[in-house]
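**Student:** Provided below: data11.pdb, containing PDB, C-alpha atoms and all ligand atoms.
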MODEL        1
ATOM      1  CA  MET A   1      21.212 -12.720  14.524
ATOM      2  CA  ALA A   2      18.660  -9.939  14.759
ATOM      3  CA  SER A   3      15.895 -10.502  17.291
ATOM      4  CA  GLU A   4      13.044 -12.273  15.547
ATOM      5  CA  ILE A   5      10.421  -9.598  15.292
ATOM      6  CA  PRO A   6      11.617  -6.101  14.387
ATOM      7  CA  ASN A   7      10.227  -3.409  16.658
ATOM      8  CA  HIS A   8       9.852  -0.852  13.894
ATOM      9  CA  ILE A   9       9.189  -1.627  10.235
ATOM     10  CA  ALA A  10       9.150   1.124   7.612
ATOM     11  CA  ILE A  11       7.759   0.462   4.150
ATOM     12  CA  ILE A  12       8.006   2.346   0.866
ATOM     13  CA  MET A  13       4.846   1.129  -0.843
ATOM     14  CA  ASP A  14       6.214   1.444  -4.379
ATOM     15  CA  GLY A  15       5.177   0.197  -7.799
ATOM     16  CA  ASN A  16       1.466   1.032  -7.886
ATOM     17  CA  GLY A  17       1.747   2.877 -11.196
ATOM     18  CA  ARG A  18       3.869   0.235 -12.938
ATOM     19  CA  TRP A  19       1.638  -2.551 -11.629
ATOM     20  CA  ALA A  20      -1.360  -0.888 -13.291
ATOM     21  CA  GLU A  21       0.459   0.030 -16.520
ATOM     22  CA  ARG A  22       1.600  -3.574 -16.963
ATOM     23  CA  ARG A  23      -2.065  -4.520 -16.918
ATOM     24  CA  GLY A  24      -2.993  -1.827 -19.417
ATOM     25  CA  ARG A  25      -4.834   0.133 -16.744
ATOM     26  CA  PRO A  26      -4.438   3.771 -15.641
ATOM     27  CA  ARG A  27      -1.846   4.393 -12.915
ATOM     28  CA  VAL A  28      -4.520   5.327 -10.397
ATOM     29  CA  PHE A  29      -5.912   1.803 -10.621
ATOM     30  CA  GLY A  30      -2.652   0.715  -8.991
ATOM     31  CA  HIS A  31      -3.228   3.175  -6.158
ATOM     32  CA  VAL A  32      -6.717   1.771  -5.652
ATOM     33  CA  ARG A  33      -5.310  -1.756  -5.363
ATOM     34  CA  GLY A  34      -2.358  -0.491  -3.306
ATOM     35  CA  SER A  35      -4.541   1.246  -0.751
ATOM     36  CA  GLY A  36      -6.463  -2.007  -0.405
ATOM     37  CA  ARG A  37      -3.241  -3.720   0.723
ATOM     38  CA  VAL A  38      -2.720  -1.504   3.729
ATOM     39  CA  LYS A  39      -5.379  -3.144   5.896
ATOM     40  CA  ALA A  40      -3.975  -6.690   5.618
ATOM     41  CA  ILE A  41      -0.394  -5.548   6.233
ATOM     42  CA  VAL A  42      -1.423  -3.567   9.313
ATOM     43  CA  GLU A  43      -3.328  -6.602  10.588
ATOM     44  CA  VAL A  44      -0.431  -9.011  10.184
ATOM     45  CA  ALA A  45       2.095  -6.573  11.659
ATOM     46  CA  SER A  46      -0.166  -6.125  14.655
ATOM     47  CA  ARG A  47      -0.707  -9.879  15.038
ATOM     48  CA  LEU A  48       3.024 -10.625  14.858
ATOM     49  CA  GLY A  49       3.790  -8.137  17.612
ATOM     50  CA  VAL A  50       5.556  -5.495  15.532
ATOM     51  CA  LYS A  51       5.499  -2.362  17.691
ATOM     52  CA  ALA A  52       5.696   0.336  15.030
ATOM     53  CA  LEU A  53       4.847   0.366  11.332
ATOM     54  CA  THR A  54       5.551   3.468   9.275
ATOM     55  CA  LEU A  55       4.154   3.650   5.746
ATOM     56  CA  TYR A  56       5.304   6.159   3.121
ATOM     57  CA  ALA A  57       1.977   7.286   1.687
ATOM     58  CA  PHE A  58       2.963  10.597   0.046
ATOM     59  CA  SER A  59       6.339  12.287  -0.202
ATOM     60  CA  THR A  60       7.201  15.991  -0.410
ATOM     61  CA  GLU A  61       8.242  15.193  -3.999
ATOM     62  CA  ASN A  62       4.850  13.601  -4.791
ATOM     63  CA  TRP A  63       3.299  17.090  -4.830
ATOM     64  CA  SER A  64       4.718  17.354  -8.377
ATOM     65  CA  ARG A  65       2.398  14.571  -9.621
ATOM     66  CA  PRO A  66      -0.617  15.573 -11.713
ATOM     67  CA  GLU A  67      -3.460  16.946  -9.632
ATOM     68  CA  SER A  68      -5.768  14.200 -10.880
ATOM     69  CA  GLU A  69      -3.450  11.533  -9.385
ATOM     70  CA  ARG A  70      -3.048  13.447  -6.126
ATOM     71  CA  LEU A  71      -6.805  13.735  -5.773
ATOM     72  CA  VAL A  72      -7.183   9.968  -6.143
ATOM     73  CA  LEU A  73      -4.560   9.391  -3.443
ATOM     74  CA  TRP A  74      -6.359  11.748  -1.031
ATOM     75  CA  LYS A  75      -9.674  10.094  -1.792
ATOM     76  CA  LEU A  76      -8.216   6.668  -1.065
ATOM     77  CA  LEU A  77      -6.656   7.842   2.166
ATOM     78  CA  LYS A  78      -9.968   9.304   3.337
ATOM     79  CA  LYS A  79     -11.837   6.168   2.302
ATOM     80  CA  TYR A  80      -9.395   3.978   4.223
ATOM     81  CA  LEU A  81      -9.697   6.143   7.345
ATOM     82  CA  ILE A  82     -13.480   6.277   7.241
ATOM     83  CA  ARG A  83     -13.847   2.566   6.529
ATOM     84  CA  ASP A  84     -11.166   1.169   8.849
ATOM     85  CA  ALA A  85     -11.016   3.527  11.842
ATOM     86  CA  GLU A  86     -13.331   1.351  13.921
ATOM     87  CA  GLN A  87     -11.405  -1.828  13.215
ATOM     88  CA  LEU A  88      -8.068  -0.131  13.941
ATOM     89  CA  HIS A  89      -9.535   0.944  17.253
ATOM     90  CA  ARG A  90     -10.631  -2.607  18.058
ATOM     91  CA  GLN A  91      -7.105  -3.779  17.197
ATOM     92  CA  ASN A  92      -5.773  -1.225  19.708
ATOM     93  CA  VAL A  93      -3.760   0.485  16.941
ATOM     94  CA  LYS A  94      -2.454   3.975  17.597
ATOM     95  CA  LEU A  95      -2.333   6.208  14.526
ATOM     96  CA  ARG A  96       0.045   9.066  13.825
ATOM     97  CA  VAL A  97       0.898  11.169  10.818
ATOM     98  CA  ILE A  98       4.324  12.631  10.155
ATOM     99  CA  GLY A  99       5.101  15.220   7.512
ATOM    100  CA  GLU A 100       4.014  18.707   6.539
ATOM    101  CA  THR A 101       0.393  18.036   7.414
ATOM    102  CA  ASP A 102      -0.394  21.745   7.281
ATOM    103  CA  ARG A 103      -0.097  21.462   3.478
ATOM    104  CA  LEU A 104      -3.062  19.081   3.377
ATOM    105  CA  ASP A 105      -6.454  20.407   2.326
ATOM    106  CA  ALA A 106      -9.051  21.037   5.021
ATOM    107  CA  ASP A 107     -11.262  18.185   3.797
ATOM    108  CA  ILE A 108      -8.423  15.688   4.361
ATOM    109  CA  ARG A 109      -7.640  17.094   7.805
ATOM    110  CA  ALA A 110     -11.336  16.923   8.646
ATOM    111  CA  VAL A 111     -11.212  13.146   8.222
ATOM    112  CA  LEU A 112      -7.668  12.523   9.408
ATOM    113  CA  ASP A 113      -7.540  14.548  12.621
ATOM    114  CA  PRO A 114     -10.562  12.942  14.367
ATOM    115  CA  VAL A 115      -9.285   9.424  13.548
ATOM    116  CA  VAL A 116      -5.822  10.237  14.902
ATOM    117  CA  GLN A 117      -7.508  11.678  17.983
ATOM    118  CA  LYS A 118      -9.765   8.650  18.434
ATOM    119  CA  LEU A 119      -6.825   6.230  18.313
ATOM    120  CA  THR A 120      -4.345   8.339  20.221
ATOM    121  CA  SER A 121      -4.536   6.473  23.534
ATOM    122  CA  ASN A 122      -4.316   3.008  22.036
ATOM    123  CA  THR A 123      -1.364   0.958  23.196
ATOM    124  CA  GLY A 124      -0.926  -1.646  20.448
ATOM    125  CA  LEU A 125       0.784  -1.258  17.095
ATOM    126  CA  GLN A 126       1.927   2.312  16.423
ATOM    127  CA  LEU A 127       0.876   2.908  12.838
ATOM    128  CA  THR A 128       2.253   6.015  11.181
ATOM    129  CA  PHE A 129       1.435   7.403   7.772
ATOM    130  CA  ALA A 130       4.180   9.587   6.346
ATOM    131  CA  ILE A 131       2.218  12.137   4.337
ATOM    132  CA  SER A 132       3.804  15.085   2.582
ATOM    133  CA  TYR A 133       6.919  13.722   4.228
ATOM    134  CA  GLY A 134      10.545  14.231   3.286
ATOM    135  CA  SER A 135      13.441  13.421   5.531
ATOM    136  CA  ARG A 136      15.550  16.365   4.440
ATOM    137  CA  ARG A 137      12.609  18.678   5.087
ATOM    138  CA  GLU A 138      12.227  17.084   8.528
ATOM    139  CA  MET A 139      15.879  17.787   9.331
ATOM    140  CA  VAL A 140      15.631  21.381   8.100
ATOM    141  CA  TYR A 141      12.641  21.901  10.405
ATOM    142  CA  ALA A 142      14.596  20.367  13.272
ATOM    143  CA  ALA A 143      17.590  22.629  12.644
ATOM    144  CA  LYS A 144      15.366  25.716  12.458
ATOM    145  CA  LYS A 145      13.511  24.819  15.638
ATOM    146  CA  PHE A 146      16.732  24.243  17.531
ATOM    147  CA  ALA A 147      18.193  27.510  16.227
ATOM    148  CA  GLU A 148      15.058  29.316  17.435
ATOM    149  CA  GLU A 149      15.434  27.745  20.879
ATOM    150  CA  CYS A 150      19.050  28.945  20.957
ATOM    151  CA  LEU A 151      18.087  32.471  19.898
ATOM    152  CA  ALA A 152      15.435  32.532  22.625
ATOM    153  CA  GLY A 153      18.081  31.506  25.162
ATOM    154  CA  ARG A 154      16.356  28.193  25.966
ATOM    155  CA  ALA A 155      19.095  26.058  24.405
ATOM    156  CA  HIS A 156      22.771  26.289  23.593
ATOM    157  CA  PRO A 157      24.531  24.887  20.482
ATOM    158  CA  ASP A 158      26.936  22.907  22.681
ATOM    159  CA  GLU A 159      24.003  20.879  24.006
ATOM    160  CA  LEU A 160      23.158  19.406  20.617
ATOM    161  CA  ASN A 161      23.976  15.743  20.145
ATOM    162  CA  GLU A 162      22.249  12.784  18.471
ATOM    163  CA  VAL A 163      19.829  12.215  21.326
ATOM    164  CA  LEU A 164      18.732  15.843  21.611
ATOM    165  CA  MET A 165      18.468  16.103  17.821
ATOM    166  CA  GLU A 166      15.821  13.371  17.890
ATOM    167  CA  GLU A 167      13.626  15.548  20.068
ATOM    168  CA  TYR A 168      13.323  17.970  17.168
ATOM    169  CA  LEU A 169      12.418  15.397  14.517
ATOM    170  CA  TRP A 170       8.837  14.578  13.566
ATOM    171  CA  THR A 171       9.344  11.155  15.153
ATOM    172  CA  SER A 172      10.172  12.676  18.546
ATOM    173  CA  ASP A 173       7.195  11.101  20.270
ATOM    174  CA  PHE A 174       8.090   7.612  18.995
ATOM    175  CA  GLY A 175      10.579   7.461  21.889
ATOM    176  CA  ASP A 176      12.589   4.227  21.778
ATOM    177  CA  LEU A 177      10.696   3.159  18.666
ATOM    178  CA  SER A 178      12.034   5.912  16.390
ATOM    179  CA  GLU A 179      14.908   3.661  15.307
ATOM    180  CA  VAL A 180      13.835   1.710  12.190
ATOM    181  CA  ASP A 181      14.831  -1.970  12.391
ATOM    182  CA  LEU A 182      13.532  -3.242   9.066
ATOM    183  CA  PHE A 183      13.160  -1.047   5.979
ATOM    184  CA  ILE A 184      11.254  -2.566   3.065
ATOM    185  CA  ARG A 185      10.804  -1.171  -0.428
ATOM    186  CA  THR A 186       8.603  -2.934  -2.927
ATOM    187  CA  SER A 187       8.768  -2.905  -6.764
ATOM    188  CA  GLY A 188      12.458  -3.631  -7.295
ATOM    189  CA  GLU A 189      13.707  -0.066  -6.839
ATOM    190  CA  GLN A 190      16.703   0.126  -4.519
ATOM    191  CA  ARG A 191      16.576   3.664  -3.177
ATOM    192  CA  ILE A 192      15.685   5.304   0.133
ATOM    193  CA  SER A 193      13.933   8.248  -1.574
ATOM    194  CA  ASN A 194      14.185  10.673   1.316
ATOM    195  CA  PHE A 195      12.359   8.381   3.774
ATOM    196  CA  LEU A 196      13.436   8.286   7.427
ATOM    197  CA  LEU A 197      17.098   8.959   6.609
ATOM    198  CA  TRP A 198      18.004   9.667  10.216
ATOM    199  CA  GLN A 199      15.832   6.973  11.787
ATOM    200  CA  ALA A 200      16.976   4.220   9.393
ATOM    201  CA  ALA A 201      20.688   4.780   9.984
ATOM    202  CA  TYR A 202      21.090   1.195  11.246
ATOM    203  CA  ALA A 203      18.063  -0.431   9.611
ATOM    204  CA  GLU A 204      18.241  -3.689   7.710
ATOM    205  CA  PHE A 205      17.084  -3.125   4.122
ATOM    206  CA  ILE A 206      15.000  -5.519   2.099
ATOM    207  CA  PHE A 207      14.176  -4.686  -1.508
ATOM    208  CA  THR A 208      11.606  -6.949  -3.085
ATOM    209  CA  ASP A 209      10.570  -7.097  -6.747
ATOM    210  CA  ILE A 210       6.932  -7.485  -5.735
ATOM    211  CA  CYS A 211       4.905  -4.348  -6.499
ATOM    212  CA  TRP A 212       2.905  -2.957  -3.591
ATOM    213  CA  PRO A 213      -0.539  -3.974  -4.951
ATOM    214  CA  ASP A 214       0.679  -7.610  -4.874
ATOM    215  CA  PHE A 215       2.443  -7.404  -1.499
ATOM    216  CA  GLU A 216       0.732  -9.860   0.825
ATOM    217  CA  PRO A 217       0.966 -10.721   4.517
ATOM    218  CA  LYS A 218       3.123 -13.756   3.611
ATOM    219  CA  ASP A 219       5.594 -11.369   1.935
ATOM    220  CA  LEU A 220       5.860  -9.334   5.108
ATOM    221  CA  GLU A 221       6.371 -12.555   7.044
ATOM    222  CA  SER A 222       9.186 -13.653   4.726
ATOM    223  CA  ALA A 223      10.826 -10.216   4.986
ATOM    224  CA  ILE A 224      10.726 -10.626   8.769
ATOM    225  CA  GLN A 225      12.246 -14.111   8.464
ATOM    226  CA  GLU A 226      15.037 -12.703   6.299
ATOM    227  CA  TYR A 227      15.536  -9.911   8.852
ATOM    228  CA  ALA A 228      15.835 -12.487  11.637
ATOM    229  CA  ARG A 229      18.683 -14.189   9.740
ATOM    230  CA  ARG A 230      20.655 -10.957   9.435
ATOM    231  CA  GLU A 231      23.453 -10.187  11.851
ATOM    232  CA  ARG A 232      23.132  -6.635  13.125
ATOM    233  CA  ARG A 233      26.403  -5.184  14.331
ATOM    234  CA  PHE A 234      25.563  -1.467  14.361
ATOM    235  CA  GLY A 235      29.115  -0.597  13.316
ATOM    236  CA  GLY A 236      30.580  -2.542  16.229
ATOM    237  CA  VAL A 237      31.396  -6.196  16.768
ATOM    238  CA  GLY A 238      28.615  -7.160  19.109
ATOM    239  CA  LYS A 239      24.897  -6.687  19.455
ATOM    240  CA  GLY A 240      22.886  -3.606  20.200
ATOM    241  CA  LEU A 241      22.994  -0.007  19.164
ATOM    242  CA  PRO A 242      26.298   1.829  19.487
ATOM    243  CA  GLU A 243      26.741   3.706  22.707
ATOM    244  CA  ARG A 244      25.003   7.032  22.391
ATOM    245  CA  PRO A 245      25.983  10.248  24.089
ATOM    246  CA  HIS A 246      23.935  11.254  27.076
ATOM    247  CA  ARG A 247      21.667  14.155  26.324
ATOM    248  CA  ASN A 248      23.536  16.574  28.575
ATOM    249  CA  ILE A 249      27.045  15.362  27.887
ATOM    250  CA  PHE A 250      28.234  18.846  26.959
ATOM    251  CA  ALA A 251      26.049  20.725  29.398
TER     252      ALA A 251
HETATM  253  C1  LIG B   1       4.248   4.588  -5.126
HETATM  254  O1  LIG B   1       3.804   4.021  -6.329
HETATM  255  C2  LIG B   1       3.118   4.832  -4.264
HETATM  256  C3  LIG B   1       2.677   6.069  -3.899
HETATM  257  C4  LIG B   1       3.296   7.317  -4.360
HETATM  258  C5  LIG B   1       1.517   6.218  -3.040
HETATM  259  C6  LIG B   1       1.330   5.137  -2.016
HETATM  260  C7  LIG B   1      -0.040   5.258  -1.597
HETATM  261  C8  LIG B   1      -0.912   4.247  -1.415
HETATM  262  C9  LIG B   1      -0.544   2.826  -1.460
HETATM  263  C10 LIG B   1      -2.330   4.574  -1.106
HETATM  264  C11 LIG B   1      -2.458   5.443   0.137
HETATM  265  C12 LIG B   1      -3.524   4.958   0.948
HETATM  266  C13 LIG B   1      -3.441   4.707   2.242
HETATM  267  C14 LIG B   1      -4.552   4.025   2.862
HETATM  268  C15 LIG B   1      -2.264   5.061   3.073
HETATM  269  P1  LIG B   1       4.131   4.784  -7.685
HETATM  270  O2  LIG B   1       2.928   5.480  -8.159
HETATM  271  O3  LIG B   1       5.328   5.680  -7.508
HETATM  272  O4  LIG B   1       4.475   3.581  -8.605
HETATM  273  P2  LIG B   1       5.501   3.583  -9.810
HETATM  274  O5  LIG B   1       6.863   3.757  -9.213
HETATM  275  O6  LIG B   1       5.287   2.248 -10.414
HETATM  276  O7  LIG B   1       5.125   4.713 -10.714
ENDMDL
END
What would the structure in this file look like if it were written as structure tokens?
Ligand code: FPP
**Tutor:**
Amino acid sequence: MASEIPNHIAIIMDGNGRWAERRGRPRVFGHVRGSGRVKAIVEVASRLGVKALTLYAFSTENWSRPESERLVLWKLLKKYLIRDAEQLHRQNVKLRVIGETDRLDADIRAVLDPVVQKLTSNTGLQLTFAISYGSRREMVYAAKKFAEECLAGRAHPDELNEVLMEEYLWTSDFGDLSEVDLFIRTSGEQRISNFLLWQAAYAEFIFTDICWPDFEPKDLESAIQEYARRERRFGGVGKGLPERPHRNIFA
């Protein structure tokens, strides 16, 4: 059996557009409802003692959506940050953003950066928004950065192993929490869609038909119950992650 509460939950908040279309409403109406779900899910995750919650808010591929839809998403993100920053702080939530944040417009950074800064020393739930995030892009960045270190003589290719690789990923400062335990995707789609490919290598996956705007705290609780019933073997026969090479094994 998996331990009862997963340390790190990652969620693909999918189905906003379809949820709205089924109701004869524009797709962005689904994003409005979907953004309203974030608060309650953060609250319940925090209350249950989940240590890290990573939400896929905007992928590298989402840049291809119409500008009008992108603008609504940015507006909703800013609204959430402005409205909820104080409460997140009271809940002791730490906020991070992973992704190509330098692609974000200055007006988004102007709201985002101070909130991240304000919550940076909090020690409760580690909430991360993946924004302009793509796992393949993350790995390309990591490879480039390591190659640069090698060219500068500060690293050697023989040093590279799974543990050192993690230091070059955008989740490097998650420490022990970078490993995703429970990976949830809403809306019935059963794909990973370039989200945390490295970090979710041993995650338990739960795909629910519920669209994100309808996803409630009780749905997170039942996903956690299902997770607790799963037997995690990590490719072995017993419990725990497989033995990992020491960082300097080749040094
Ligand atoms: C997927 O639904 C959802 C997104 C691309 C965006 C998720 C963003 C939010 C829930 C709002 C962000 C706000 C905060 C506070 C983080 P979809 O549009 O792909 O749905 P579809 O698959 O039905 O078309």
**Student:** For ligand LIG 1 (chain B), collect every residue having any atom at a distance of at most 7 Å from a ligand atom (counting all atoms listed in the file); output as a list in words.
**Tutor:**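 Residues lying within 7 Å of ligand LIG 1 (chain B): Met13, Asp14, Gly15, Asn16, Gly17, Arg18, Trp19, Arg27, His31, Val32, Gly34, Ser35, Val38, Tyr56, Ala57, Phe58, Asn62, Leu73, Leu76, Leu77, Tyr80 and Phe129 of chain A.
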**Student:** Starting from the displayed file, determine the output of the PyMOL selection byres (((chain A and resi 126) around 10) and not hetatm) and express the residue list as a PyMOL selection string.
**Tutor:** chain A and resi 8+42+46+50-54+92-96+119-120+122-125+127-128+174+177
**Student:** Choose the residue, out of A:Cys211, A:Arg136, A:Ala142, A:Leu220, that has the smallest atom-to-atom separation from A:Leu160; count all atoms listed in the file.
**Tutor:**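 Closest to A:Leu160, using all atoms listed in the file: A:Ala142.
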**Student:** Report, in Å with one decimal, the straight-line distance from atom CA of A:Arg25 to atom CA of A:Asp105.
**Tutor:**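 Distance between the two atoms: 27.9 Å.
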**Student:** Choose the residue, out of A:Ala130, A:Ser135, A:Met165, A:Arg83, that has the smallest atom-to-atom separation from A:Val115; count only C-alpha atoms.
**Tutor:** A:Arg83
**Student:** Report as an MDAnalysis selection string all protein, DNA and RNA residues lying within 12 Å of A:Ser178, evaluated on only C-alpha atoms, omitting residues in the same chain fewer than 4 positions from it.
**Tutor:** chainID A and resid 7:10 51:54 98 126 128 163 166:167 169:174 182 196:203
**Student:** As an exercise, work out the distance from atom CA of A:Arg233 to atom CA of A:Ile184 in Å and give it to one decimal place.
**Tutor:**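 Separating atom CA of A:Arg233 from atom CA of A:Ile184 is a distance of 19.1 Å.
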**Student:** Find the distance between atom CA of A:Phe207 and atom CA of A:Glu189 and write it in Å to one decimal.
**Tutor:** 7.1 Å
**Student:** Taking the file as I've supplied it (selection: the PyMOL selection byres (((chain A and resi 40) around 12) and not hetatm)), which residues are included? Please answer as number ranges by chain.
**Tutor:** A: 34-39, 41-47, 84, 87-88, 213-221
